[in-house]
Structure formats: structure tokens, C-alpha cells
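Here is the structure we will look at.
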Amino acid sequence: MNAPGTNPRHVHTASAAHRQLPFMVRLEWGHDGAATVAPGTDLAVVVDVLSFTTCVSVALDRGAEVVPYRWRDTGAEDFAAHHNALLAGPRDGGGLSLSPASLRTAQSLGRVVLPSPNGSELCHQLAGEVPLVAAVCLRNAAATADWVAANLPADAVIAVIAAGERWPDGSLRPAVEDAIGAGAFLTALAAQWPARIAADNSRGGPEEGDFDWHGYSPEAVAAAAVFGAAEPSLREMLHGCSSGRELVGAGFAEDVDIAAELDGSDSVAILSDGIFRRP
């Protein structure tokens, strides 16, 4: 089914409190969460571990480019042709798909249009609303945090969006793998980002090996705690979670293994002119 757009009730229930405005680094879930915390930020970080953002990292590792697009849009073929790109198909179709393994093993890989109902749609949604959009997974979490610390000013505001999944009725299903992936990025960022904020405010930087969560919302700190709990048994956590079990049951255990390759890639994925490329 086509994923629905923003819930009209969101307009009436979201308030300034939900926007996490006192915090420079924020975290929310799904399309409505992105619409709440991303406006006015300098960077939106989209996390969809199983599997869109993992696919992006694998494709960029191979020198390819990825174009996000809406899920099951009837104009996808024309869109791909316009961008001189291959259109990824269904996972069980035998070709390029929303399967990291299909991208890793393809004989040749150039530009790929990769629709998905969660991460890809979120990136497509945010492209015109936020100056910078990054696709982050466990594979490139630390590399992206390094890039942010090196390239964004100390007063930049960042919205981390955990994509989540969908229940059959189209409503958001928070997915633990995306909380883990968001937490991996936030943990890597906190190791160096607060020191720059602290220096600007004459607070003194954190001691080596410590984390200073000044400026991070409680939602962001909680995601980092989820990653900390999951890291010692990361592969087992991904295989055992609902999304992982679903993929393993469908014959895509390799996709879960690839998603669990913590910091296995240095491919930072930044959306430029609607296309994910290495900066």
C-alpha cells in the first residue's frame, strides 16, 4: 500500500514543546516527527537501517549515486529515465532492489532510483525544507559524525529522524533498529561536537572518553542509551528484532548482516540536488 502523507491530526496536536526548540540536537520519528523538529534546522539526519540508508551506504561504497523517491509512485519509471538512472524493483525480483546485498553484488552500478516508504520518502520530503540531508545507518554513523563535526559550525542545529516502519493500517511502527542507528550517530557526534559548543560558551570541554550531552534533547540522549545497550550484541539484536526477523524469514538474512557492519563504511551520504553523493 502507499504510505500515507502527514496525518492531518498532527497539525492540531503538535506544539512548540514537541519541536524540541531548546536543543541543538533533536530526535523524532517518522514523517510527522520530521515535520515537527526539522523546520529551521541546518541538517536533517535520516536513519532507516533496514534498509534504505544501509542501501545508500553500500551504493556509495561502490562509487554509485542514489536518488530517493516516493514509494510506489506511478511516475517512478519516468523519474528514473529523466535522471538517467536504474530504477530499483521489489526485493524478490532478482535485480537491484531495497536489498543491500543486491547493490553489493551488482556487476555494475551507476545512479539508482531507490524508492522506499520510510527512509526514501523522508529524504524526498526533507529535500526542499532543510539545507542539508544526510542518510545514516550503522555502517556510516561514525564517518557522518566526523563529517558533521568538521564541516558544520558549532551553533548548527541538527534533527535526527528515525524512520521507523509501518503497521498494516499505515501508522508508524517505531523500529528498534532505527533507534540503535540514530544512537550510534549521536554517540559518535557527542564525543566531539559538545567540545566545540562548550568552547564557544567558555564552559570547558569534556574530559577524554566522557560524553557531554549539553544541547542534546532527552529524546536524543535516550537513543544513544539504546545504542549503548545494543552494541555488545549488535548483530544478534538486529537479527532478533521484528524487522530483522521479517527479513530473515523472507530469505534476506544477508541484508541484516550487512546492516550490522558497525562503522564498516566511510561513505558519508549527503543529498545534493536531490541525489545522494559523497561530499
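Labels for the C-alpha cells follow display order: chains A, B, ..., residues from 1 in each chain, ligands from 1.
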
Check your understanding: Leaving out A:Thr54 and any residue of its chain fewer than 5 positions from it, which residues lie within 6 Å of it when counting only C-alpha atoms, given as a ChimeraX atom specification?
Key -> /A:49,137,259

Exercise for review: Find the spatial neighbours of A:Arg173, counting only C-alpha atoms, within a cut-off of 12 Å - ignore same-chain residues fewer than 2 positions away - and output them as a VMD selection string.
Suggested key: chain A and resid 29 to 31 118 162 to 171 175 to 179 242 to 243

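Residue nearest A:Gln20, chosen from A:Gly33, A:Gly95, A:Ala64, A:Phe52 and counting only C-alpha atoms: A:Gly33.
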
Revision key, fill the gap. Counting only C-alpha atoms, the residue among A:Val25, A:Leu50, A:Ala154, A:Leu43 that lies closest to A:Val248 is A:Leu50

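Residues in contact with A:Ala141 at 9 Å, where only C-alpha atoms are counted and same-chain residues fewer than 2 positions away are skipped, are listed as Val136, Cys137, Leu138, Arg139, Ala143, Thr144, Ala145, Asp146, Gly181, Ala182, Gly183, Ala184, Phe185, Leu186, Ala188, Leu189, Leu262, Asp263, Ser265, Asp266 and Val268 of chain A.
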
Would you please give, as a short mmCIF file (atom, residue, chain, number, x, y, z; two decimals) with N, CA, C and O atoms, in the first residue's frame, all residues of stretch 15-247 of chain A that DSSP assigns to alpha helix (DSSP H) based on the backbone?
data_model
loop_
_atom_site.label_atom_id
_atom_site.label_comp_id
_atom_site.auth_asym_id
_atom_site.auth_seq_id
_atom_site.Cartn_x
_atom_site.Cartn_y
_atom_site.Cartn_z
N GLY A 30 9.61 9.35 12.15
CA GLY A 30 8.71 9.31 11.01
C GLY A 30 8.41 10.65 10.38
O GLY A 30 9.05 11.68 10.66
N HIS A 31 7.42 10.62 9.51
CA HIS A 31 7.08 11.82 8.72
C HIS A 31 6.57 12.95 9.60
O HIS A 31 6.97 14.11 9.42
N ASP A 32 5.67 12.65 10.53
CA ASP A 32 5.15 13.70 11.40
C ASP A 32 6.24 14.25 12.31
O ASP A 32 6.29 15.45 12.57
N GLY A 33 7.10 13.39 12.80
CA GLY A 33 8.21 13.85 13.61
C GLY A 33 9.15 14.76 12.84
O GLY A 33 9.61 15.78 13.35
N ALA A 34 9.43 14.39 11.59
CA ALA A 34 10.29 15.23 10.75
C ALA A 34 9.64 16.59 10.52
O ALA A 34 10.32 17.63 10.56
N ALA A 35 8.34 16.59 10.27
CA ALA A 35 7.64 17.86 10.04
C ALA A 35 7.65 18.74 11.28
O ALA A 35 7.49 19.96 11.19
N THR A 36 7.85 18.14 12.46
CA THR A 36 7.83 18.89 13.71
C THR A 36 9.19 19.44 14.08
O THR A 36 9.32 20.62 14.43
N VAL A 37 10.24 18.62 14.02
CA VAL A 37 11.53 19.05 14.55
C VAL A 37 12.52 19.53 13.49
O VAL A 37 13.51 20.19 13.83
N PHE A 52 16.80 1.34 3.82
CA PHE A 52 17.14 2.37 2.84
C PHE A 52 18.50 2.99 3.07
O PHE A 52 19.32 3.07 2.14
N THR A 53 18.79 3.47 4.28
CA THR A 53 20.06 4.18 4.46
C THR A 53 21.25 3.23 4.41
O THR A 53 22.35 3.63 4.02
N THR A 54 21.04 1.97 4.78
CA THR A 54 22.10 0.97 4.59
C THR A 54 22.38 0.78 3.11
O THR A 54 23.53 0.68 2.68
N CYS A 55 21.32 0.72 2.30
CA CYS A 55 21.48 0.62 0.85
C CYS A 55 22.27 1.79 0.30
O CYS A 55 23.15 1.63 -0.57
N VAL A 56 21.97 3.00 0.79
CA VAL A 56 22.68 4.18 0.31
C VAL A 56 24.18 4.05 0.60
O VAL A 56 25.02 4.32 -0.26
N SER A 57 24.52 3.60 1.80
CA SER A 57 25.94 3.49 2.15
C SER A 57 26.65 2.45 1.29
O SER A 57 27.79 2.66 0.86
N VAL A 58 25.98 1.33 1.01
CA VAL A 58 26.58 0.29 0.17
C VAL A 58 26.77 0.80 -1.25
O VAL A 58 27.82 0.58 -1.87
N ALA A 59 25.78 1.49 -1.78
CA ALA A 59 25.88 2.02 -3.14
C ALA A 59 27.01 3.03 -3.25
O ALA A 59 27.81 3.01 -4.21
N LEU A 60 27.13 3.93 -2.27
CA LEU A 60 28.19 4.93 -2.31
C LEU A 60 29.56 4.30 -2.15
O LEU A 60 30.55 4.78 -2.71
N ASP A 61 29.64 3.21 -1.38
CA ASP A 61 30.91 2.48 -1.29
C ASP A 61 31.39 2.04 -2.66
O ASP A 61 32.61 1.96 -2.91
N ALA A 76 7.54 6.67 -11.24
CA ALA A 76 8.91 6.30 -10.90
C ALA A 76 9.75 5.98 -12.14
O ALA A 76 10.93 6.36 -12.22
N GLU A 77 9.18 5.27 -13.10
CA GLU A 77 9.96 4.90 -14.29
C GLU A 77 10.37 6.13 -15.07
O GLU A 77 11.52 6.24 -15.52
N ASP A 78 9.45 7.08 -15.25
CA ASP A 78 9.80 8.32 -15.96
C ASP A 78 10.82 9.12 -15.16
O ASP A 78 11.73 9.74 -15.75
N PHE A 79 10.68 9.12 -13.85
CA PHE A 79 11.62 9.84 -13.00
C PHE A 79 13.02 9.27 -13.15
O PHE A 79 14.00 10.01 -13.28
N ALA A 80 13.12 7.95 -13.15
CA ALA A 80 14.42 7.30 -13.31
C ALA A 80 15.02 7.61 -14.68
O ALA A 80 16.22 7.89 -14.80
N ALA A 81 14.19 7.57 -15.71
CA ALA A 81 14.69 7.87 -17.06
C ALA A 81 15.18 9.31 -17.14
O ALA A 81 16.22 9.59 -17.77
N HIS A 82 14.46 10.22 -16.50
CA HIS A 82 14.86 11.63 -16.51
C HIS A 82 16.22 11.82 -15.84
O HIS A 82 17.01 12.69 -16.26
N PRO A 100 20.43 -4.35 0.46
CA PRO A 100 21.85 -4.01 0.38
C PRO A 100 22.68 -5.05 -0.35
O PRO A 100 23.63 -4.71 -1.07
N ALA A 101 22.32 -6.33 -0.21
CA ALA A 101 23.07 -7.38 -0.88
C ALA A 101 22.96 -7.26 -2.39
O ALA A 101 23.92 -7.52 -3.13
N SER A 102 21.80 -6.84 -2.90
CA SER A 102 21.64 -6.70 -4.35
C SER A 102 22.53 -5.59 -4.90
O SER A 102 23.04 -5.69 -6.02
N LEU A 103 22.74 -4.55 -4.11
CA LEU A 103 23.61 -3.44 -4.53
C LEU A 103 25.08 -3.83 -4.42
O LEU A 103 25.90 -3.43 -5.24
N ARG A 104 25.41 -4.61 -3.41
CA ARG A 104 26.79 -5.03 -3.22
C ARG A 104 27.24 -5.99 -4.32
O ARG A 104 28.42 -5.97 -4.72
N THR A 105 26.35 -6.83 -4.81
CA THR A 105 26.74 -7.87 -5.76
C THR A 105 26.44 -7.52 -7.21
O THR A 105 26.79 -8.30 -8.10
N GLY A 119 12.49 5.63 4.78
CA GLY A 119 13.66 6.49 4.65
C GLY A 119 13.70 7.30 3.38
O GLY A 119 14.00 8.50 3.39
N SER A 120 13.39 6.66 2.25
CA SER A 120 13.47 7.36 0.98
C SER A 120 12.43 8.48 0.90
O SER A 120 12.72 9.59 0.46
N GLU A 121 11.21 8.17 1.32
CA GLU A 121 10.17 9.20 1.31
C GLU A 121 10.52 10.35 2.24
O GLU A 121 10.26 11.52 1.93
N LEU A 122 11.11 10.04 3.39
CA LEU A 122 11.51 11.10 4.31
C LEU A 122 12.55 12.02 3.68
O LEU A 122 12.46 13.25 3.79
N CYS A 123 13.55 11.42 3.03
CA CYS A 123 14.59 12.23 2.37
C CYS A 123 13.98 13.09 1.28
O CYS A 123 14.34 14.26 1.12
N HIS A 124 13.06 12.50 0.51
CA HIS A 124 12.37 13.23 -0.56
C HIS A 124 11.58 14.39 0.05
O HIS A 124 11.58 15.51 -0.49
N GLN A 125 10.93 14.15 1.18
CA GLN A 125 10.14 15.17 1.87
C GLN A 125 11.01 16.31 2.38
O GLN A 125 10.65 17.49 2.28
N LEU A 126 12.17 15.97 2.92
CA LEU A 126 13.02 16.97 3.58
C LEU A 126 13.90 17.75 2.62
O LEU A 126 14.44 18.79 2.98
N ALA A 141 27.74 5.60 10.56
CA ALA A 141 27.39 6.52 11.65
C ALA A 141 28.57 7.36 12.10
O ALA A 141 28.48 8.60 12.20
N ALA A 142 29.71 6.73 12.38
CA ALA A 142 30.87 7.48 12.87
C ALA A 142 31.44 8.38 11.78
O ALA A 142 31.84 9.52 12.06
N ALA A 143 31.48 7.91 10.54
CA ALA A 143 32.01 8.72 9.45
C ALA A 143 31.17 9.98 9.26
O ALA A 143 31.70 11.07 9.02
N THR A 144 29.85 9.84 9.38
CA THR A 144 28.98 11.01 9.22
C THR A 144 29.15 11.98 10.38
O THR A 144 29.18 13.20 10.19
N ALA A 145 29.27 11.45 11.59
CA ALA A 145 29.51 12.32 12.74
C ALA A 145 30.82 13.09 12.59
O ALA A 145 30.89 14.29 12.89
N ASP A 146 31.85 12.42 12.08
CA ASP A 146 33.13 13.10 11.84
C ASP A 146 32.96 14.23 10.83
O ASP A 146 33.52 15.32 10.99
N TRP A 147 32.20 13.94 9.77
CA TRP A 147 31.97 14.95 8.72
C TRP A 147 31.22 16.16 9.29
O TRP A 147 31.57 17.31 9.01
N VAL A 148 30.19 15.89 10.09
CA VAL A 148 29.42 16.98 10.69
C VAL A 148 30.31 17.85 11.56
O VAL A 148 30.30 19.08 11.47
N ALA A 149 31.10 17.22 12.41
CA ALA A 149 31.97 17.98 13.32
C ALA A 149 33.01 18.81 12.57
O ALA A 149 33.39 19.89 13.02
N ALA A 150 33.44 18.31 11.41
CA ALA A 150 34.47 19.00 10.65
C ALA A 150 33.90 20.09 9.74
O ALA A 150 34.63 21.03 9.38
N ASN A 151 32.61 20.00 9.38
CA ASN A 151 32.09 20.88 8.33
C ASN A 151 30.96 21.81 8.76
O ASN A 151 30.70 22.79 8.07
N VAL A 176 13.17 -0.64 16.51
CA VAL A 176 14.32 -0.52 17.41
C VAL A 176 15.62 -0.37 16.64
O VAL A 176 16.55 0.31 17.10
N GLU A 177 15.71 -0.96 15.43
CA GLU A 177 16.96 -0.84 14.68
C GLU A 177 17.26 0.61 14.32
O GLU A 177 18.43 1.01 14.23
N ASP A 178 16.21 1.42 14.13
CA ASP A 178 16.44 2.83 13.81
C ASP A 178 16.81 3.64 15.05
O ASP A 178 17.59 4.60 14.97
N ALA A 179 16.27 3.26 16.20
CA ALA A 179 16.73 3.88 17.45
C ALA A 179 18.20 3.57 17.68
O ALA A 179 18.99 4.44 18.09
N ILE A 180 18.61 2.31 17.41
CA ILE A 180 20.01 1.93 17.57
C ILE A 180 20.90 2.71 16.60
O ILE A 180 21.96 3.22 16.97
N GLY A 181 20.48 2.80 15.33
CA GLY A 181 21.27 3.52 14.34
C GLY A 181 21.39 5.01 14.66
O GLY A 181 22.47 5.60 14.53
N ALA A 182 20.27 5.61 15.07
CA ALA A 182 20.32 7.02 15.47
C ALA A 182 21.25 7.20 16.66
O ALA A 182 22.04 8.15 16.72
N GLY A 183 21.18 6.26 17.62
CA GLY A 183 22.03 6.35 18.79
C GLY A 183 23.50 6.21 18.47
O GLY A 183 24.36 6.85 19.10
N ALA A 184 23.82 5.37 17.47
CA ALA A 184 25.22 5.22 17.06
C ALA A 184 25.77 6.53 16.53
O ALA A 184 26.90 6.95 16.86
N PHE A 185 24.99 7.22 15.69
CA PHE A 185 25.41 8.51 15.17
C PHE A 185 25.54 9.54 16.29
O PHE A 185 26.53 10.28 16.39
N LEU A 186 24.55 9.60 17.17
CA LEU A 186 24.56 10.59 18.25
C LEU A 186 25.71 10.36 19.22
O LEU A 186 26.33 11.32 19.70
N THR A 187 26.02 9.10 19.50
CA THR A 187 27.14 8.80 20.39
C THR A 187 28.46 9.26 19.78
O THR A 187 29.30 9.86 20.46
N ALA A 188 28.63 8.97 18.47
CA ALA A 188 29.85 9.41 17.80
C ALA A 188 29.92 10.93 17.74
O ALA A 188 31.00 11.52 17.90
N LEU A 189 28.79 11.59 17.54
CA LEU A 189 28.76 13.05 17.46
C LEU A 189 29.09 13.67 18.82
O LEU A 189 29.85 14.63 18.91
N ALA A 190 28.52 13.11 19.88
CA ALA A 190 28.71 13.68 21.21
C ALA A 190 30.14 13.58 21.69
O ALA A 190 30.56 14.35 22.57
N TRP A 193 31.39 16.84 19.25
CA TRP A 193 30.59 18.04 18.99
C TRP A 193 30.41 18.94 20.21
O TRP A 193 30.56 20.15 20.10
N PRO A 194 30.13 18.42 21.42
CA PRO A 194 29.92 19.32 22.56
C PRO A 194 31.15 20.13 22.92
O PRO A 194 31.02 21.23 23.44
N ALA A 195 32.33 19.60 22.66
CA ALA A 195 33.55 20.34 22.99
C ALA A 195 33.58 21.67 22.26
O ALA A 195 34.03 22.68 22.79
N ARG A 196 33.07 21.68 21.02
CA ARG A 196 33.06 22.93 20.25
C ARG A 196 32.01 23.88 20.82
O ARG A 196 32.23 25.07 20.93
N ILE A 197 30.85 23.34 21.19
CA ILE A 197 29.82 24.18 21.81
C ILE A 197 30.33 24.75 23.13
O ILE A 197 30.20 25.92 23.43
N ALA A 198 30.95 23.87 23.93
CA ALA A 198 31.44 24.29 25.23
C ALA A 198 32.50 25.37 25.12
O ALA A 198 32.51 26.33 25.88
N ALA A 199 33.39 25.24 24.14
CA ALA A 199 34.44 26.23 23.96
C ALA A 199 33.85 27.59 23.64
O ALA A 199 34.30 28.62 24.14
N ASP A 200 32.81 27.59 22.81
CA ASP A 200 32.18 28.85 22.45
C ASP A 200 31.52 29.50 23.66
O ASP A 200 31.40 30.71 23.75
N PRO A 218 16.45 15.18 25.42
CA PRO A 218 16.32 13.89 26.10
C PRO A 218 16.02 12.75 25.13
O PRO A 218 16.46 11.61 25.34
N GLU A 219 15.27 13.04 24.08
CA GLU A 219 14.99 12.01 23.08
C GLU A 219 16.27 11.53 22.42
O GLU A 219 16.45 10.32 22.18
N ALA A 220 17.18 12.46 22.12
CA ALA A 220 18.46 12.09 21.51
C ALA A 220 19.33 11.31 22.50
O ALA A 220 19.97 10.31 22.12
N VAL A 221 19.37 11.74 23.75
CA VAL A 221 20.18 11.05 24.75
C VAL A 221 19.66 9.63 24.96
O VAL A 221 20.43 8.67 25.11
N ALA A 222 18.33 9.47 24.94
CA ALA A 222 17.75 8.14 25.12
C ALA A 222 18.13 7.21 23.98
O ALA A 222 18.40 6.02 24.19
N ALA A 223 18.15 7.72 22.74
CA ALA A 223 18.55 6.89 21.60
C ALA A 223 20.00 6.44 21.75
O ALA A 223 20.34 5.29 21.43
N ALA A 224 20.85 7.33 22.24
CA ALA A 224 22.25 6.94 22.48
C ALA A 224 22.34 5.82 23.51
O ALA A 224 23.17 4.91 23.40
N ALA A 225 21.47 5.88 24.52
CA ALA A 225 21.46 4.82 25.54
C ALA A 225 21.01 3.49 24.93
O ALA A 225 21.53 2.42 25.31
N VAL A 226 20.08 3.53 24.00
CA VAL A 226 19.64 2.31 23.31
C VAL A 226 20.81 1.71 22.55
O VAL A 226 21.03 0.49 22.59
N PHE A 227 21.56 2.54 21.84
CA PHE A 227 22.74 2.03 21.13
C PHE A 227 23.74 1.43 22.10
O PHE A 227 24.31 0.35 21.85
N GLY A 228 23.99 2.10 23.21
CA GLY A 228 24.94 1.59 24.17
C GLY A 228 24.56 0.21 24.69
O GLY A 228 25.42 -0.66 24.90
N ALA A 229 23.26 -0.01 24.88
CA ALA A 229 22.79 -1.31 25.35
C ALA A 229 22.90 -2.37 24.26
O ALA A 229 23.16 -3.54 24.55
N ALA A 230 22.71 -1.97 23.01
CA ALA A 230 22.68 -2.93 21.90
C ALA A 230 24.06 -3.27 21.36
O ALA A 230 24.26 -4.36 20.82
N LEU A 234 25.28 -6.50 18.75
CA LEU A 234 24.58 -5.75 17.71
C LEU A 234 23.97 -6.67 16.65
O LEU A 234 22.80 -6.53 16.29
N ARG A 235 24.76 -7.60 16.13
CA ARG A 235 24.24 -8.48 15.09
C ARG A 235 23.04 -9.28 15.60
O ARG A 235 22.02 -9.41 14.89
N GLU A 236 23.14 -9.81 16.81
CA GLU A 236 22.05 -10.59 17.38
C GLU A 236 20.81 -9.72 17.58
O GLU A 236 19.68 -10.18 17.37
N MET A 237 21.00 -8.49 18.01
CA MET A 237 19.87 -7.57 18.19
C MET A 237 19.15 -7.32 16.87
O MET A 237 17.92 -7.35 16.81
N LEU A 238 19.91 -7.08 15.81
CA LEU A 238 19.29 -6.81 14.52
C LEU A 238 18.58 -8.05 13.96
O LEU A 238 17.50 -7.95 13.39
N HIS A 239 19.19 -9.21 14.14
CA HIS A 239 18.53 -10.43 13.68
C HIS A 239 17.29 -10.76 14.51
O HIS A 239 16.34 -11.34 13.99
N GLY A 240 17.31 -10.39 15.79
CA GLY A 240 16.21 -10.76 16.67
C GLY A 240 15.07 -9.78 16.72
O GLY A 240 13.97 -10.13 17.16
N SER A 242 11.98 -7.24 15.38
CA SER A 242 10.86 -7.58 14.49
C SER A 242 11.21 -7.41 13.02
O SER A 242 10.92 -8.28 12.20
N SER A 243 11.84 -6.29 12.68
CA SER A 243 12.18 -6.05 11.28
C SER A 243 13.20 -7.06 10.78
O SER A 243 13.12 -7.54 9.64
N GLY A 244 14.19 -7.38 11.63
CA GLY A 244 15.20 -8.36 11.24
C GLY A 244 14.60 -9.73 11.04
O GLY A 244 14.92 -10.43 10.06
N ARG A 245 13.73 -10.16 11.95
CA ARG A 245 13.08 -11.46 11.82
C ARG A 245 12.23 -11.53 10.56
O ARG A 245 12.16 -12.56 9.88
N GLU A 246 11.60 -10.42 10.22
CA GLU A 246 10.79 -10.37 8.99
C GLU A 246 11.68 -10.60 7.76
O GLU A 246 11.33 -11.38 6.86
N LEU A 247 12.83 -9.93 7.72
CA LEU A 247 13.73 -10.10 6.58
C LEU A 247 14.34 -11.49 6.54
O LEU A 247 14.43 -12.10 5.47
#

**Study point:** Residues within 8 Å of A:Phe23, only C-alpha atoms, excluding chain neighbours under 4 positions, as number ranges by chain
**Key:** A: 157, 215-217

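Proximity ranking of A:Leu98, A:Leu114, A:Leu86, A:Val47 relative to A:Asp73 places A:Leu114 first, based on only C-alpha atoms.
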
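Minimum atom-to-atom distance to A:Ala85, evaluated using only C-alpha atoms, belongs to A:Ile275 out of A:Cys241, A:Ile275, A:Ala106, A:Ala250.
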
Review point. Which is closer to A:Pro90 than all the others in A:Gln107, A:Ser116, A:Asp48, A:Arg19, using only C-alpha atoms?
Key: A:Ser116
